[in-house]
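Visitor: Enclosed is the structure file coords-v1.txt (compact mmCIF, N, CA and C atoms).
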```txt
# COMPACT_ATOMS: atom_id res chain seq x y z
N MET A 223 97.81 22.74 153.58
CA MET A 223 99.05 21.99 153.66
C MET A 223 100.20 22.96 153.41
N ASP A 224 101.21 22.93 154.28
CA ASP A 224 102.33 23.84 154.06
C ASP A 224 103.20 23.32 152.90
N SER A 225 104.06 24.19 152.41
CA SER A 225 104.81 23.88 151.19
C SER A 225 105.76 22.70 151.36
N ARG A 226 106.37 22.55 152.52
CA ARG A 226 107.27 21.42 152.74
C ARG A 226 106.50 20.10 152.69
N LYS A 227 105.36 20.06 153.35
CA LYS A 227 104.54 18.84 153.34
C LYS A 227 104.06 18.54 151.93
N LEU A 228 103.71 19.57 151.17
CA LEU A 228 103.27 19.36 149.80
C LEU A 228 104.41 18.79 148.95
N ALA A 229 105.61 19.32 149.12
CA ALA A 229 106.76 18.80 148.38
C ALA A 229 107.02 17.34 148.73
N LEU A 230 106.96 17.01 150.00
CA LEU A 230 107.16 15.63 150.43
C LEU A 230 106.06 14.72 149.89
N ARG A 231 104.83 15.22 149.85
CA ARG A 231 103.71 14.43 149.30
C ARG A 231 103.91 14.20 147.80
N CYS A 232 104.34 15.22 147.08
CA CYS A 232 104.61 15.06 145.65
C CYS A 232 105.71 14.02 145.43
N ARG A 233 106.72 14.05 146.26
CA ARG A 233 107.80 13.06 146.17
C ARG A 233 107.25 11.66 146.39
N GLU A 234 106.42 11.51 147.41
CA GLU A 234 105.83 10.21 147.73
C GLU A 234 104.97 9.70 146.57
N LEU A 235 104.17 10.58 145.98
CA LEU A 235 103.31 10.19 144.87
C LEU A 235 104.13 9.79 143.64
N ALA A 236 105.20 10.52 143.37
CA ALA A 236 106.08 10.16 142.26
C ALA A 236 106.71 8.80 142.52
N ASP A 237 107.11 8.57 143.76
CA ASP A 237 107.70 7.29 144.15
C ASP A 237 106.70 6.14 143.99
N ASN A 238 105.41 6.42 144.23
CA ASN A 238 104.37 5.40 144.05
C ASN A 238 104.39 4.83 142.64
N LYS A 239 104.78 5.65 141.67
CA LYS A 239 104.81 5.22 140.27
C LYS A 239 106.24 4.92 139.81
N LYS A 240 107.11 4.67 140.76
CA LYS A 240 108.49 4.24 140.48
C LYS A 240 109.31 5.29 139.73
N ALA A 241 109.04 6.57 140.01
CA ALA A 241 109.90 7.62 139.46
C ALA A 241 111.31 7.39 139.98
N GLU A 242 112.28 7.81 139.19
CA GLU A 242 113.68 7.58 139.54
C GLU A 242 114.34 8.87 140.00
N ASP A 243 115.35 8.72 140.85
CA ASP A 243 116.22 9.82 141.27
C ASP A 243 115.41 11.05 141.69
N ILE A 244 114.50 10.87 142.65
CA ILE A 244 113.63 11.96 143.10
C ILE A 244 114.40 12.84 144.08
N VAL A 245 114.38 14.14 143.79
CA VAL A 245 115.10 15.12 144.61
C VAL A 245 114.15 16.26 144.95
N ILE A 246 114.25 16.75 146.18
CA ILE A 246 113.54 17.97 146.58
C ILE A 246 114.58 19.02 146.89
N LEU A 247 114.49 20.17 146.21
CA LEU A 247 115.38 21.30 146.48
C LEU A 247 114.61 22.37 147.23
N ASP A 248 115.17 22.86 148.31
CA ASP A 248 114.60 23.96 149.08
C ASP A 248 115.14 25.26 148.49
N VAL A 249 114.34 25.92 147.66
CA VAL A 249 114.81 27.12 146.95
C VAL A 249 114.31 28.41 147.60
N ARG A 250 113.81 28.33 148.82
CA ARG A 250 113.26 29.53 149.48
C ARG A 250 114.27 30.66 149.60
N GLU A 251 115.54 30.32 149.83
CA GLU A 251 116.55 31.36 150.01
C GLU A 251 117.16 31.85 148.71
N VAL A 252 116.92 31.15 147.61
CA VAL A 252 117.55 31.52 146.34
C VAL A 252 116.56 31.87 145.24
N SER A 253 115.26 31.81 145.53
CA SER A 253 114.25 32.12 144.53
C SER A 253 113.06 32.81 145.18
N SER A 254 112.52 33.78 144.48
CA SER A 254 111.30 34.43 144.96
C SER A 254 110.08 33.83 144.28
N VAL A 255 110.28 32.84 143.42
CA VAL A 255 109.21 32.27 142.61
C VAL A 255 108.45 31.17 143.36
N THR A 256 109.17 30.33 144.11
CA THR A 256 108.56 29.18 144.77
C THR A 256 109.39 28.80 145.98
N ASP A 257 108.88 27.85 146.75
CA ASP A 257 109.60 27.38 147.94
C ASP A 257 110.43 26.12 147.66
N TYR A 258 109.84 25.19 146.89
CA TYR A 258 110.49 23.91 146.66
C TYR A 258 110.37 23.49 145.20
N PHE A 259 111.40 22.81 144.72
CA PHE A 259 111.36 22.09 143.45
C PHE A 259 111.37 20.61 143.80
N VAL A 260 110.50 19.87 143.16
CA VAL A 260 110.57 18.41 143.21
C VAL A 260 110.97 17.99 141.81
N ILE A 261 112.05 17.23 141.69
CA ILE A 261 112.56 16.82 140.39
C ILE A 261 112.60 15.30 140.38
N ALA A 262 112.01 14.71 139.33
CA ALA A 262 111.98 13.25 139.22
C ALA A 262 112.12 12.84 137.77
N SER A 263 112.62 11.64 137.56
CA SER A 263 112.81 11.12 136.21
C SER A 263 111.87 9.96 135.95
N GLY A 264 111.45 9.88 134.68
CA GLY A 264 110.69 8.74 134.18
C GLY A 264 111.43 8.16 133.00
N THR A 265 111.11 6.93 132.63
CA THR A 265 111.89 6.24 131.61
C THR A 265 111.29 6.31 130.21
N SER A 266 110.01 6.70 130.10
CA SER A 266 109.33 6.70 128.80
C SER A 266 108.11 7.62 128.88
N GLU A 267 107.49 7.88 127.74
CA GLU A 267 106.27 8.70 127.75
C GLU A 267 105.19 8.10 128.65
N PRO A 268 104.90 6.78 128.54
CA PRO A 268 103.88 6.23 129.44
C PRO A 268 104.26 6.35 130.92
N HIS A 269 105.54 6.19 131.22
CA HIS A 269 105.99 6.31 132.61
C HIS A 269 105.83 7.75 133.10
N LEU A 270 106.22 8.73 132.27
CA LEU A 270 106.04 10.13 132.63
C LEU A 270 104.57 10.43 132.87
N ARG A 271 103.70 9.94 131.97
CA ARG A 271 102.26 10.17 132.11
C ARG A 271 101.74 9.59 133.42
N ALA A 272 102.19 8.39 133.76
CA ALA A 272 101.73 7.74 135.00
C ALA A 272 102.14 8.56 136.23
N ILE A 273 103.35 9.07 136.23
CA ILE A 273 103.83 9.89 137.36
C ILE A 273 103.02 11.17 137.46
N VAL A 274 102.87 11.86 136.34
CA VAL A 274 102.12 13.12 136.32
C VAL A 274 100.68 12.89 136.77
N ASP A 275 100.03 11.87 136.21
CA ASP A 275 98.64 11.59 136.56
C ASP A 275 98.49 11.25 138.04
N GLU A 276 99.42 10.49 138.58
CA GLU A 276 99.37 10.12 140.00
C GLU A 276 99.42 11.37 140.88
N ILE A 277 100.32 12.27 140.59
CA ILE A 277 100.45 13.49 141.40
C ILE A 277 99.20 14.35 141.27
N ILE A 278 98.77 14.62 140.04
CA ILE A 278 97.60 15.47 139.82
C ILE A 278 96.35 14.86 140.45
N ASP A 279 96.10 13.58 140.17
CA ASP A 279 94.88 12.93 140.63
C ASP A 279 94.82 12.81 142.14
N LYS A 280 95.89 12.36 142.77
CA LYS A 280 95.88 12.16 144.22
C LYS A 280 95.81 13.47 144.99
N LEU A 281 96.51 14.51 144.52
CA LEU A 281 96.43 15.80 145.21
C LEU A 281 95.03 16.39 145.09
N ARG A 282 94.39 16.17 143.95
CA ARG A 282 93.02 16.66 143.77
C ARG A 282 92.06 15.87 144.66
N GLU A 283 92.17 14.54 144.62
CA GLU A 283 91.26 13.69 145.39
C GLU A 283 91.44 13.85 146.90
N ASP A 284 92.68 13.84 147.36
CA ASP A 284 92.96 13.81 148.79
C ASP A 284 93.00 15.18 149.45
N HIS A 285 93.37 16.22 148.68
CA HIS A 285 93.59 17.53 149.29
C HIS A 285 92.90 18.67 148.54
N ASN A 286 92.13 18.33 147.51
CA ASN A 286 91.45 19.33 146.69
C ASN A 286 92.42 20.38 146.14
N LEU A 287 93.61 19.93 145.76
CA LEU A 287 94.62 20.82 145.18
C LEU A 287 94.74 20.54 143.69
N ARG A 288 94.79 21.61 142.92
CA ARG A 288 94.99 21.51 141.48
C ARG A 288 96.19 22.39 141.11
N PRO A 289 96.97 21.95 140.12
CA PRO A 289 98.10 22.81 139.72
C PRO A 289 97.59 24.13 139.14
N LYS A 290 98.31 25.20 139.45
CA LYS A 290 97.97 26.52 138.89
C LYS A 290 98.24 26.53 137.40
N ALA A 291 99.24 25.75 136.99
CA ALA A 291 99.60 25.65 135.57
C ALA A 291 100.29 24.32 135.34
N ILE A 292 100.17 23.83 134.11
CA ILE A 292 100.90 22.65 133.66
C ILE A 292 101.59 23.06 132.37
N ASP A 293 102.89 22.82 132.30
CA ASP A 293 103.64 23.21 131.12
C ASP A 293 104.46 22.02 130.64
N GLY A 294 104.83 22.06 129.36
CA GLY A 294 105.62 20.99 128.78
C GLY A 294 104.72 19.93 128.17
N THR A 295 105.35 18.95 127.55
CA THR A 295 104.60 17.87 126.91
C THR A 295 105.32 16.56 127.13
N LEU A 296 104.57 15.48 126.97
CA LEU A 296 105.18 14.16 127.06
C LEU A 296 106.19 13.97 125.93
N GLN A 297 105.87 14.52 124.74
CA GLN A 297 106.78 14.39 123.61
C GLN A 297 108.10 15.12 123.85
N ALA A 298 108.04 16.24 124.56
CA ALA A 298 109.26 16.98 124.90
C ALA A 298 109.98 16.33 126.08
N ALA A 299 109.30 15.40 126.76
CA ALA A 299 109.85 14.63 127.87
C ALA A 299 110.15 15.48 129.10
N TRP A 300 109.41 16.60 129.26
CA TRP A 300 109.55 17.43 130.45
C TRP A 300 108.20 18.07 130.73
N ILE A 301 107.61 17.71 131.86
CA ILE A 301 106.34 18.27 132.28
C ILE A 301 106.56 18.99 133.60
N VAL A 302 106.00 20.19 133.71
CA VAL A 302 106.13 20.98 134.92
C VAL A 302 104.73 21.19 135.50
N LEU A 303 104.58 20.84 136.78
CA LEU A 303 103.34 21.06 137.50
C LEU A 303 103.59 22.18 138.50
N ASP A 304 102.85 23.27 138.37
CA ASP A 304 103.05 24.43 139.23
C ASP A 304 101.97 24.47 140.30
N TYR A 305 102.36 24.15 141.52
CA TYR A 305 101.47 24.24 142.67
C TYR A 305 101.79 25.48 143.50
N PHE A 306 102.31 26.50 142.85
CA PHE A 306 102.67 27.80 143.40
C PHE A 306 103.86 27.70 144.36
N ASP A 307 103.68 27.13 145.54
CA ASP A 307 104.78 27.01 146.50
C ASP A 307 105.69 25.82 146.20
N VAL A 308 105.21 24.92 145.35
CA VAL A 308 105.98 23.74 144.96
C VAL A 308 105.85 23.60 143.44
N ILE A 309 106.99 23.48 142.79
CA ILE A 309 107.00 23.24 141.35
C ILE A 309 107.62 21.87 141.12
N VAL A 310 106.87 21.01 140.43
CA VAL A 310 107.28 19.63 140.19
C VAL A 310 107.76 19.50 138.75
N HIS A 311 108.98 19.00 138.58
CA HIS A 311 109.57 18.76 137.27
C HIS A 311 109.65 17.25 137.07
N ILE A 312 108.93 16.74 136.07
CA ILE A 312 108.99 15.32 135.74
C ILE A 312 109.62 15.25 134.35
N MET A 313 110.74 14.56 134.22
CA MET A 313 111.42 14.52 132.92
C MET A 313 112.13 13.20 132.70
N ARG A 314 112.35 12.91 131.43
CA ARG A 314 113.13 11.74 131.06
C ARG A 314 114.58 12.00 131.47
N ALA A 315 115.33 10.97 131.77
CA ALA A 315 116.69 11.10 132.30
C ALA A 315 117.61 11.89 131.38
N ASP A 316 117.53 11.68 130.05
CA ASP A 316 118.42 12.40 129.14
C ASP A 316 118.11 13.90 129.12
N VAL A 317 116.85 14.26 129.24
CA VAL A 317 116.45 15.67 129.29
C VAL A 317 116.91 16.28 130.62
N ARG A 318 116.75 15.53 131.68
CA ARG A 318 117.18 16.00 132.99
C ARG A 318 118.68 16.25 133.01
N GLU A 319 119.43 15.35 132.41
CA GLU A 319 120.88 15.51 132.35
C GLU A 319 121.26 16.76 131.54
N ARG A 320 120.56 16.99 130.44
CA ARG A 320 120.87 18.13 129.57
C ARG A 320 120.63 19.46 130.29
N TYR A 321 119.51 19.58 131.00
CA TYR A 321 119.17 20.85 131.64
C TYR A 321 119.75 20.98 133.04
N ASP A 322 120.06 19.88 133.70
CA ASP A 322 120.80 19.83 134.95
C ASP A 322 120.33 20.86 135.98
N LEU A 323 119.06 20.78 136.34
CA LEU A 323 118.48 21.73 137.30
C LEU A 323 119.17 21.68 138.66
N GLU A 324 119.63 20.49 139.05
CA GLU A 324 120.28 20.39 140.36
C GLU A 324 121.55 21.23 140.43
N THR A 325 122.30 21.31 139.33
CA THR A 325 123.49 22.16 139.32
C THR A 325 123.11 23.63 139.15
N LEU A 326 122.14 23.89 138.29
CA LEU A 326 121.67 25.26 138.08
C LEU A 326 121.20 25.88 139.40
N TRP A 327 120.52 25.09 140.22
CA TRP A 327 120.04 25.54 141.53
C TRP A 327 120.93 24.94 142.63
N GLY A 328 122.22 24.86 142.37
CA GLY A 328 123.17 24.23 143.28
C GLY A 328 123.27 24.87 144.64
N ASP A 329 122.88 26.14 144.77
CA ASP A 329 122.92 26.81 146.07
C ASP A 329 121.76 26.38 146.97
N ALA A 330 120.78 25.72 146.39
CA ALA A 330 119.61 25.29 147.17
C ALA A 330 119.90 23.96 147.86
N PRO A 331 119.66 23.90 149.16
CA PRO A 331 119.89 22.62 149.85
C PRO A 331 118.86 21.57 149.45
N ARG A 332 119.29 20.32 149.49
CA ARG A 332 118.37 19.21 149.25
C ARG A 332 117.64 18.87 150.54
N VAL A 333 116.38 18.55 150.40
CA VAL A 333 115.58 18.14 151.55
C VAL A 333 115.83 16.65 151.77
N LYS A 334 116.24 16.32 152.97
CA LYS A 334 116.48 14.91 153.29
C LYS A 334 115.13 14.27 153.62
N VAL A 335 114.95 13.06 153.11
CA VAL A 335 113.71 12.33 153.33
C VAL A 335 114.02 11.11 154.17
N ARG A 336 113.21 10.91 155.19
CA ARG A 336 113.41 9.73 156.04
C ARG A 336 113.13 8.48 155.23
N ALA A 337 113.98 7.50 155.44
CA ALA A 337 113.77 6.21 154.76
C ALA A 337 112.52 5.55 155.32
N ARG A 338 111.79 4.90 154.43
CA ARG A 338 110.61 4.16 154.86
C ARG A 338 111.03 2.95 155.66
N LYS A 339 110.25 2.65 156.68
CA LYS A 339 110.51 1.45 157.46
C LYS A 339 109.99 0.27 156.66
N THR A 340 110.82 -0.74 156.56
CA THR A 340 110.40 -1.95 155.84
C THR A 340 110.02 -3.02 156.86
N ALA A 341 109.03 -3.78 156.52
CA ALA A 341 108.58 -4.85 157.44
C ALA A 341 109.61 -5.96 157.48
N ARG A 342 109.87 -6.41 158.66
CA ARG A 342 110.81 -7.54 158.83
C ARG A 342 110.03 -8.83 158.69
N VAL A 343 110.67 -9.76 158.03
CA VAL A 343 110.00 -11.05 157.81
C VAL A 343 110.64 -12.12 158.64
```
Could you express the structure from this file as C-alpha cells?

Guide:
Amino acid sequence: MDSRKLALRCRELADNKKAEDIVILDVREVSSVTDYFVIASGTSEPHLRAIVDEIIDKLREDHNLRPKAIDGTLQAAWIVLDYFDVIVHIMRADVRERYDLETLWGDAPRVKVRARKTARV
C-alpha cells in the first residue's frame, strides 16, 4: 500500500471510532522523516484507546501492517503510531491545541478527502 493510501486508511479507521478534527498533512516536501502525518483528536482515555486500537487492529488484520513504533501514553493523552511513511498522532483536544502540530508543520499542505456519499431516503 502506498503512503497516501495508508494515510487515507488511517483517517478512515480513526473516523470509524468518531475521532474528531481529523487532518492529513502531506509533509513529503518539508520532512525527510515521513510522507504524511495523520492527526486526530479523542475526548477521553477510553476514546483515545478505541481509536488507537481500531487503527492498529484493522491495519494488522486487513493489510498485515504493524507500527514500527508506538510512543506516548493514554495518561499523557498523546499516542504516536509510526508506520514509517505515515505517522499517526492521536491526542486529546487540549494537548493538540497546546502542541499545535498543524501550525508547526504549516508549510505542509492538507490532503483533501472526498466526502462520503450518503444514502438518500

Visitor: Compile the contact shell of A:Asp224 as number ranges by chain: residues with an atom at most 8 Å away, counting all atoms listed in the file, same-chain residues fewer than 4 positions apart removed.

Guide: A: 228-230, 307-308

Visitor: Between atom C of A:Arg282 and atom CA of A:Asp248, measure the distance and give it in Å to one decimal.

Guide: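 Taking atom C of A:Arg282 and atom CA of A:Asp248, their separation equals 24.4 Å.
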
Visitor: Tell me, which residues of chain A carry DSSP alpha helix (DSSP H), written as a PyMOL selection string?

Guide: chain A and resi 225-238+267-285+315-321+323-326

Visitor: Using DSSP on the backbone, list every residue of chain A that comes out as strand (DSSP E), and give them as a VMD selection string.

Guide: chain A and resid 242 to 248 258 to 264 291 to 295 300 to 304 308 to 314

Visitor: Next, the residues of the selection above should be written as an mmCIF file, keeping the file's coordinate frame with N, CA and C atoms.

Guide:
```
data_model
loop_
_atom_site.group_PDB
_atom_site.id
_atom_site.type_symbol
_atom_site.label_atom_id
_atom_site.label_comp_id
_atom_site.auth_asym_id
_atom_site.auth_seq_id
_atom_site.Cartn_x
_atom_site.Cartn_y
_atom_site.Cartn_z
ATOM 1 N N GLU A 242 112.280 7.810 139.190
ATOM 2 C CA GLU A 242 113.680 7.580 139.540
ATOM 3 C C GLU A 242 114.340 8.870 140.000
ATOM 4 N N ASP A 243 115.350 8.720 140.850
ATOM 5 C CA ASP A 243 116.220 9.820 141.270
ATOM 6 C C ASP A 243 115.410 11.050 141.690
ATOM 7 N N ILE A 244 114.500 10.870 142.650
ATOM 8 C CA ILE A 244 113.630 11.960 143.100
ATOM 9 C C ILE A 244 114.400 12.840 144.080
ATOM 10 N N VAL A 245 114.380 14.140 143.790
ATOM 11 C CA VAL A 245 115.100 15.120 144.610
ATOM 12 C C VAL A 245 114.150 16.260 144.950
ATOM 13 N N ILE A 246 114.250 16.750 146.180
ATOM 14 C CA ILE A 246 113.540 17.970 146.580
ATOM 15 C C ILE A 246 114.580 19.020 146.890
ATOM 16 N N LEU A 247 114.490 20.170 146.210
ATOM 17 C CA LEU A 247 115.380 21.300 146.480
ATOM 18 C C LEU A 247 114.610 22.370 147.230
ATOM 19 N N ASP A 248 115.170 22.860 148.310
ATOM 20 C CA ASP A 248 114.600 23.960 149.080
ATOM 21 C C ASP A 248 115.140 25.260 148.490
ATOM 22 N N TYR A 258 109.840 25.190 146.890
ATOM 23 C CA TYR A 258 110.490 23.910 146.660
ATOM 24 C C TYR A 258 110.370 23.490 145.200
ATOM 25 N N PHE A 259 111.400 22.810 144.720
ATOM 26 C CA PHE A 259 111.360 22.090 143.450
ATOM 27 C C PHE A 259 111.370 20.610 143.800
ATOM 28 N N VAL A 260 110.500 19.870 143.160
ATOM 29 C CA VAL A 260 110.570 18.410 143.210
ATOM 30 C C VAL A 260 110.970 17.990 141.810
ATOM 31 N N ILE A 261 112.050 17.230 141.690
ATOM 32 C CA ILE A 261 112.560 16.820 140.390
ATOM 33 C C ILE A 261 112.600 15.300 140.380
ATOM 34 N N ALA A 262 112.010 14.710 139.330
ATOM 35 C CA ALA A 262 111.980 13.250 139.220
ATOM 36 C C ALA A 262 112.120 12.840 137.770
ATOM 37 N N SER A 263 112.620 11.640 137.560
ATOM 38 C CA SER A 263 112.810 11.120 136.210
ATOM 39 C C SER A 263 111.870 9.960 135.950
ATOM 40 N N GLY A 264 111.450 9.880 134.680
ATOM 41 C CA GLY A 264 110.690 8.740 134.180
ATOM 42 C C GLY A 264 111.430 8.160 133.000
ATOM 43 N N ALA A 291 99.240 25.750 136.990
ATOM 44 C CA ALA A 291 99.600 25.650 135.570
ATOM 45 C C ALA A 291 100.290 24.320 135.340
ATOM 46 N N ILE A 292 100.170 23.830 134.110
ATOM 47 C CA ILE A 292 100.900 22.650 133.660
ATOM 48 C C ILE A 292 101.590 23.060 132.370
ATOM 49 N N ASP A 293 102.890 22.820 132.300
ATOM 50 C CA ASP A 293 103.640 23.210 131.120
ATOM 51 C C ASP A 293 104.460 22.020 130.640
ATOM 52 N N GLY A 294 104.830 22.060 129.360
ATOM 53 C CA GLY A 294 105.620 20.990 128.780
ATOM 54 C C GLY A 294 104.720 19.930 128.170
ATOM 55 N N THR A 295 105.350 18.950 127.550
ATOM 56 C CA THR A 295 104.600 17.870 126.910
ATOM 57 C C THR A 295 105.320 16.560 127.130
ATOM 58 N N TRP A 300 109.410 16.600 129.260
ATOM 59 C CA TRP A 300 109.550 17.430 130.450
ATOM 60 C C TRP A 300 108.200 18.070 130.730
ATOM 61 N N ILE A 301 107.610 17.710 131.860
ATOM 62 C CA ILE A 301 106.340 18.270 132.280
ATOM 63 C C ILE A 301 106.560 18.990 133.600
ATOM 64 N N VAL A 302 106.000 20.190 133.710
ATOM 65 C CA VAL A 302 106.130 20.980 134.920
ATOM 66 C C VAL A 302 104.730 21.190 135.500
ATOM 67 N N LEU A 303 104.580 20.840 136.780
ATOM 68 C CA LEU A 303 103.340 21.060 137.500
ATOM 69 C C LEU A 303 103.590 22.180 138.500
ATOM 70 N N ASP A 304 102.850 23.270 138.370
ATOM 71 C CA ASP A 304 103.050 24.430 139.230
ATOM 72 C C ASP A 304 101.970 24.470 140.300
ATOM 73 N N VAL A 308 105.210 24.920 145.350
ATOM 74 C CA VAL A 308 105.980 23.740 144.960
ATOM 75 C C VAL A 308 105.850 23.600 143.440
ATOM 76 N N ILE A 309 106.990 23.480 142.790
ATOM 77 C CA ILE A 309 107.000 23.240 141.350
ATOM 78 C C ILE A 309 107.620 21.870 141.120
ATOM 79 N N VAL A 310 106.870 21.010 140.430
ATOM 80 C CA VAL A 310 107.280 19.630 140.190
ATOM 81 C C VAL A 310 107.760 19.500 138.750
ATOM 82 N N HIS A 311 108.980 19.000 138.580
ATOM 83 C CA HIS A 311 109.570 18.760 137.270
ATOM 84 C C HIS A 311 109.650 17.250 137.070
ATOM 85 N N ILE A 312 108.930 16.740 136.070
ATOM 86 C CA ILE A 312 108.990 15.320 135.740
ATOM 87 C C ILE A 312 109.620 15.250 134.350
ATOM 88 N N MET A 313 110.740 14.560 134.220
ATOM 89 C CA MET A 313 111.420 14.520 132.920
ATOM 90 C C MET A 313 112.130 13.200 132.700
ATOM 91 N N ARG A 314 112.350 12.910 131.430
ATOM 92 C CA ARG A 314 113.130 11.740 131.060
ATOM 93 C C ARG A 314 114.580 12.000 131.470
#
```

Visitor: Provide the atom C of A:Ser263 to atom CA of A:Glu251 distance in Å, to one decimal place.

Guide: 26.0 Å

Visitor: List every protein, DNA or RNA residue that has an atom no more than 10 Å from (103.9, 10.2, 139.3) in the file's coordinate frame, counting only C-alpha atoms, and report them as a PDB file with N, CA and C atoms, in the coordinates of the input.

Guide:
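What follows is the written file point-v8.pdb:
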```
ATOM      1  N   CYS A 232     104.340  15.220 147.080  1.00  0.00           N
ATOM      2  CA  CYS A 232     104.610  15.060 145.650  1.00  0.00           C
ATOM      3  C   CYS A 232     105.710  14.020 145.430  1.00  0.00           C
ATOM      4  N   ARG A 233     106.720  14.050 146.260  1.00  0.00           N
ATOM      5  CA  ARG A 233     107.800  13.060 146.170  1.00  0.00           C
ATOM      6  C   ARG A 233     107.250  11.660 146.390  1.00  0.00           C
ATOM      7  N   GLU A 234     106.420  11.510 147.410  1.00  0.00           N
ATOM      8  CA  GLU A 234     105.830  10.210 147.730  1.00  0.00           C
ATOM      9  C   GLU A 234     104.970   9.700 146.570  1.00  0.00           C
ATOM     10  N   LEU A 235     104.170  10.580 145.980  1.00  0.00           N
ATOM     11  CA  LEU A 235     103.310  10.190 144.870  1.00  0.00           C
ATOM     12  C   LEU A 235     104.130   9.790 143.640  1.00  0.00           C
ATOM     13  N   ALA A 236     105.200  10.520 143.370  1.00  0.00           N
ATOM     14  CA  ALA A 236     106.080  10.160 142.260  1.00  0.00           C
ATOM     15  C   ALA A 236     106.710   8.800 142.520  1.00  0.00           C
ATOM     16  N   ASP A 237     107.110   8.570 143.760  1.00  0.00           N
ATOM     17  CA  ASP A 237     107.700   7.290 144.150  1.00  0.00           C
ATOM     18  C   ASP A 237     106.700   6.140 143.990  1.00  0.00           C
ATOM     19  N   ASN A 238     105.410   6.420 144.230  1.00  0.00           N
ATOM     20  CA  ASN A 238     104.370   5.400 144.050  1.00  0.00           C
ATOM     21  C   ASN A 238     104.390   4.830 142.640  1.00  0.00           C
ATOM     22  N   LYS A 239     104.780   5.650 141.670  1.00  0.00           N
ATOM     23  CA  LYS A 239     104.810   5.220 140.270  1.00  0.00           C
ATOM     24  C   LYS A 239     106.240   4.920 139.810  1.00  0.00           C
ATOM     25  N   LYS A 240     107.110   4.670 140.760  1.00  0.00           N
ATOM     26  CA  LYS A 240     108.490   4.240 140.480  1.00  0.00           C
ATOM     27  C   LYS A 240     109.310   5.290 139.730  1.00  0.00           C
ATOM     28  N   ALA A 241     109.040   6.570 140.010  1.00  0.00           N
ATOM     29  CA  ALA A 241     109.900   7.620 139.460  1.00  0.00           C
ATOM     30  C   ALA A 241     111.310   7.390 139.980  1.00  0.00           C
ATOM     31  N   ALA A 262     112.010  14.710 139.330  1.00  0.00           N
ATOM     32  CA  ALA A 262     111.980  13.250 139.220  1.00  0.00           C
ATOM     33  C   ALA A 262     112.120  12.840 137.770  1.00  0.00           C
ATOM     34  N   SER A 263     112.620  11.640 137.560  1.00  0.00           N
ATOM     35  CA  SER A 263     112.810  11.120 136.210  1.00  0.00           C
ATOM     36  C   SER A 263     111.870   9.960 135.950  1.00  0.00           C
ATOM     37  N   GLY A 264     111.450   9.880 134.680  1.00  0.00           N
ATOM     38  CA  GLY A 264     110.690   8.740 134.180  1.00  0.00           C
ATOM     39  C   GLY A 264     111.430   8.160 133.000  1.00  0.00           C
ATOM     40  N   HIS A 269     105.540   6.190 131.220  1.00  0.00           N
ATOM     41  CA  HIS A 269     105.990   6.310 132.610  1.00  0.00           C
ATOM     42  C   HIS A 269     105.830   7.750 133.100  1.00  0.00           C
ATOM     43  N   LEU A 270     106.220   8.730 132.270  1.00  0.00           N
ATOM     44  CA  LEU A 270     106.040  10.130 132.630  1.00  0.00           C
ATOM     45  C   LEU A 270     104.570  10.430 132.870  1.00  0.00           C
ATOM     46  N   ARG A 271     103.700   9.940 131.970  1.00  0.00           N
ATOM     47  CA  ARG A 271     102.260  10.170 132.110  1.00  0.00           C
ATOM     48  C   ARG A 271     101.740   9.590 133.420  1.00  0.00           C
ATOM     49  N   ALA A 272     102.190   8.390 133.760  1.00  0.00           N
ATOM     50  CA  ALA A 272     101.730   7.740 135.000  1.00  0.00           C
ATOM     51  C   ALA A 272     102.140   8.560 136.230  1.00  0.00           C
ATOM     52  N   ILE A 273     103.350   9.070 136.230  1.00  0.00           N
ATOM     53  CA  ILE A 273     103.830   9.890 137.360  1.00  0.00           C
ATOM     54  C   ILE A 273     103.020  11.170 137.460  1.00  0.00           C
ATOM     55  N   VAL A 274     102.870  11.860 136.340  1.00  0.00           N
ATOM     56  CA  VAL A 274     102.120  13.120 136.320  1.00  0.00           C
ATOM     57  C   VAL A 274     100.680  12.890 136.770  1.00  0.00           C
ATOM     58  N   ASP A 275     100.030  11.870 136.210  1.00  0.00           N
ATOM     59  CA  ASP A 275      98.640  11.590 136.560  1.00  0.00           C
ATOM     60  C   ASP A 275      98.490  11.250 138.040  1.00  0.00           C
ATOM     61  N   GLU A 276      99.420  10.490 138.580  1.00  0.00           N
ATOM     62  CA  GLU A 276      99.370  10.120 140.000  1.00  0.00           C
ATOM     63  C   GLU A 276      99.420  11.370 140.880  1.00  0.00           C
ATOM     64  N   ILE A 277     100.320  12.270 140.590  1.00  0.00           N
ATOM     65  CA  ILE A 277     100.450  13.490 141.400  1.00  0.00           C
ATOM     66  C   ILE A 277      99.200  14.350 141.270  1.00  0.00           C
ATOM     67  N   ILE A 278      98.770  14.620 140.040  1.00  0.00           N
ATOM     68  CA  ILE A 278      97.600  15.470 139.820  1.00  0.00           C
ATOM     69  C   ILE A 278      96.350  14.860 140.450  1.00  0.00           C
ATOM     70  N   ASP A 279      96.100  13.580 140.170  1.00  0.00           N
ATOM     71  CA  ASP A 279      94.880  12.930 140.630  1.00  0.00           C
ATOM     72  C   ASP A 279      94.820  12.810 142.140  1.00  0.00           C
ATOM     73  N   LYS A 280      95.890  12.360 142.770  1.00  0.00           N
ATOM     74  CA  LYS A 280      95.880  12.160 144.220  1.00  0.00           C
ATOM     75  C   LYS A 280      95.810  13.470 144.990  1.00  0.00           C
ATOM     76  N   ILE A 312     108.930  16.740 136.070  1.00  0.00           N
ATOM     77  CA  ILE A 312     108.990  15.320 135.740  1.00  0.00           C
ATOM     78  C   ILE A 312     109.620  15.250 134.350  1.00  0.00           C
TER      79      ILE A 312
END
```

Visitor: Just checking: using only C-alpha atoms, which residue out of A:Met223, A:Leu296, A:Trp327, A:Thr265 ends up closest to A:Leu281?

Guide: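 Selected residue with least distance to A:Leu281: A:Met223.
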
Visitor: Determine, counting only N, CA and C atoms, which protein, DNA and RNA residues have an atom within 8 Å of an atom of A:Asp329; residues of the same chain fewer than 2 positions away are not included. Present the result as a PyMOL selection string.

Guide: chain A and resi 248-249+251-252+324-327+331-332

Visitor: Which polymer residues, protein or nucleic acid, are no farther than 8 Å from (107.4, 14.8, 127.5), counting all atoms listed in the file, as a list in words?

Guide: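 Counting all atoms listed in the file, I find these residues within 8 Å of (107.4, 14.8, 127.5): Ser266, Glu267, Leu270, Arg271, Gly294, Thr295, Leu296, Gln297, Ala298, Ala299, Trp300, Ile301, Ile312, Met313 and Arg314 of chain A.
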